[in-house]
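Listing of run-v8.tsv; format and content: TSV, C-alpha atoms.
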chain	number	residue	atom	x	y	z
M	1344	MET	CA	0.00	0.00	0.00
M	1345	SER	CA	1.43	3.36	-0.99
M	1346	ILE	CA	1.57	6.44	1.24
M	1347	THR	CA	-1.18	8.10	-0.79
M	1348	GLN	CA	-3.49	5.10	-0.48
M	1349	GLN	CA	-2.90	4.94	3.27
M	1350	TYR	CA	-3.59	8.68	3.58
M	1351	LEU	CA	-6.87	8.34	1.65
M	1352	LEU	CA	-7.92	5.37	3.78
M	1353	ASP	CA	-7.09	7.24	7.01
M	1354	SER	CA	-8.93	10.36	5.76
M	1355	HIS	CA	-12.03	8.35	4.95
M	1356	ARG	CA	-11.96	6.59	8.32
M	1357	ALA	CA	-11.55	9.93	10.12
M	1358	ARG	CA	-14.45	11.47	8.20
M	1359	VAL	CA	-16.72	8.51	9.01
M	1360	LEU	CA	-15.80	8.60	12.70
M	1361	GLY	CA	-16.00	12.40	12.90
M	1362	GLU	CA	-12.34	12.81	13.83
M	1363	PRO	CA	-9.91	15.40	12.42
M	1364	GLU	CA	-8.15	14.36	9.22
M	1365	PRO	CA	-4.47	13.41	9.38
M	1366	PRO	CA	-1.92	15.78	7.80
M	1367	ALA	CA	-1.09	15.18	4.15
M	1368	PRO	CA	2.06	13.14	3.50
M	1369	GLY	CA	5.17	15.28	3.08
M	1370	ARG	CA	3.55	18.32	4.62
M	1371	HIS	CA	6.02	18.62	7.50
M	1372	ASP	CA	9.19	17.31	5.79
M	1373	LEU	CA	10.94	20.68	5.64
M	1374	GLN	CA	10.19	21.41	9.28
M	1375	VAL	CA	11.54	17.99	10.32
M	1376	ALA	CA	14.76	18.57	8.36
M	1377	ARG	CA	15.26	21.95	10.05
M	1378	GLU	CA	14.64	20.50	13.50
M	1379	LEU	CA	17.09	17.68	12.82
M	1380	ARG	CA	19.76	20.19	11.75
M	1381	GLU	CA	19.19	22.27	14.90
M	1382	TYR	CA	19.32	19.16	17.09
M	1383	ARG	CA	22.65	18.09	15.55
M	1384	ARG	CA	24.09	21.58	16.06
M	1385	PHE	CA	22.89	21.63	19.67
M	1386	SER	CA	24.36	18.18	20.32
M	1387	ALA	CA	27.69	19.32	18.87
M	1388	VAL	CA	27.79	22.34	21.19
M	1389	VAL	CA	26.90	20.25	24.23
M	1390	ALA	CA	29.67	17.77	23.31
M	1391	GLU	CA	32.08	20.73	22.96
M	1392	ARG	CA	32.62	20.23	19.24
M	1393	PRO	CA	32.35	22.98	16.63
M	1394	ALA	CA	28.73	23.37	15.57
M	1395	ARG	CA	29.56	24.46	12.02
M	1396	GLY	CA	32.11	23.44	9.43
M	1397	ARG	CA	32.76	19.99	10.87
M	1398	VAL	CA	32.74	18.21	7.51
M	1399	ARG	CA	35.07	20.74	5.90
M	1400	TYR	CA	37.41	20.57	8.90
M	1401	ALA	CA	37.47	16.76	8.81
M	1402	LEU	CA	38.19	16.75	5.08
M	1403	ARG	CA	40.99	19.25	5.53
M	1404	ARG	CA	42.58	17.11	8.26
M	1405	TRP	CA	42.25	13.99	6.10
M	1406	LEU	CA	43.58	15.55	2.90
M	1407	ARG	CA	46.43	17.52	4.52
M	1408	PRO	CA	47.81	15.54	7.46
M	1409	ARG	CA	50.35	17.23	9.67
M	1410	ALA	CA	54.01	16.71	8.94
M	1411	LEU	CA	55.87	14.78	11.63
Please express the file's structure as structure tokens.
Amino acid sequence: MSITQQYLLDSHRARVLGEPEPPAPGRHDLQVARELREYRRFSAVVAERPARGRVRYALRRWLRPRAL
């Protein structure tokens, strides 16, 4: 069963039972992505790691190792 079919089935069931309809699929995807980004930044700060530029910093360390 696809997401759309499940949504239509849930909407019909909610209408029959007089309940509020569920949100449309994909409606909150952007908000979830933003909250995930903020959570990862917050976790980095709590763990005392830089909150921004971590990937670039890791690539720079990997591509240009220190001379011994």
Review point. At what distance in Å, to one decimal, does CA of Ala1367 in chain M lie from CA of Asp1353 in chain M?
Key: 10.4 Å
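Taking CA of Arg1397 in chain M and CA of Gln1374 in chain M as the two end points, the separation is 22.7 Å.
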Practice item. Just the residues within 9 Å of Glu1364 in chain M, please, counting only C-alpha atoms, with nothing from its chain fewer than 3 positions along; format it as a VMD selection string. Key: chain M and resid 1353 to 1358 1361 1367
Extending 4 Å beyond the listed atoms of range 1379-1395 of chain M on each side, what axis-aligned box results? I want centre and edge lengths in Å to one decimal, as JSON.
{"center_x": 24.9, "center_y": 21.1, "center_z": 18.0, "size_x": 23.5, "size_y": 14.8, "size_z": 20.5}
Check your understanding: Quick one, how far is CA of Ala1376 in chain M from CA of Val1388 in chain M?
Key -> 18.7 Å
Exercise for review: Using all atoms listed in the file, determine which residues lie at most 12 Å from Gly1396 in chain M, disregarding the query and same-chain residues fewer than 5 positions distant; provide the list as a ChimeraX atom specification.
Suggested key: /M:1384,1387,1401-1403
Point to revise | Nearby residues (all atoms listed in the file) at most 12 Å from Arg1383 in chain M, same-chain spacing under 5 positions excluded, as a count of residues only | key: 11
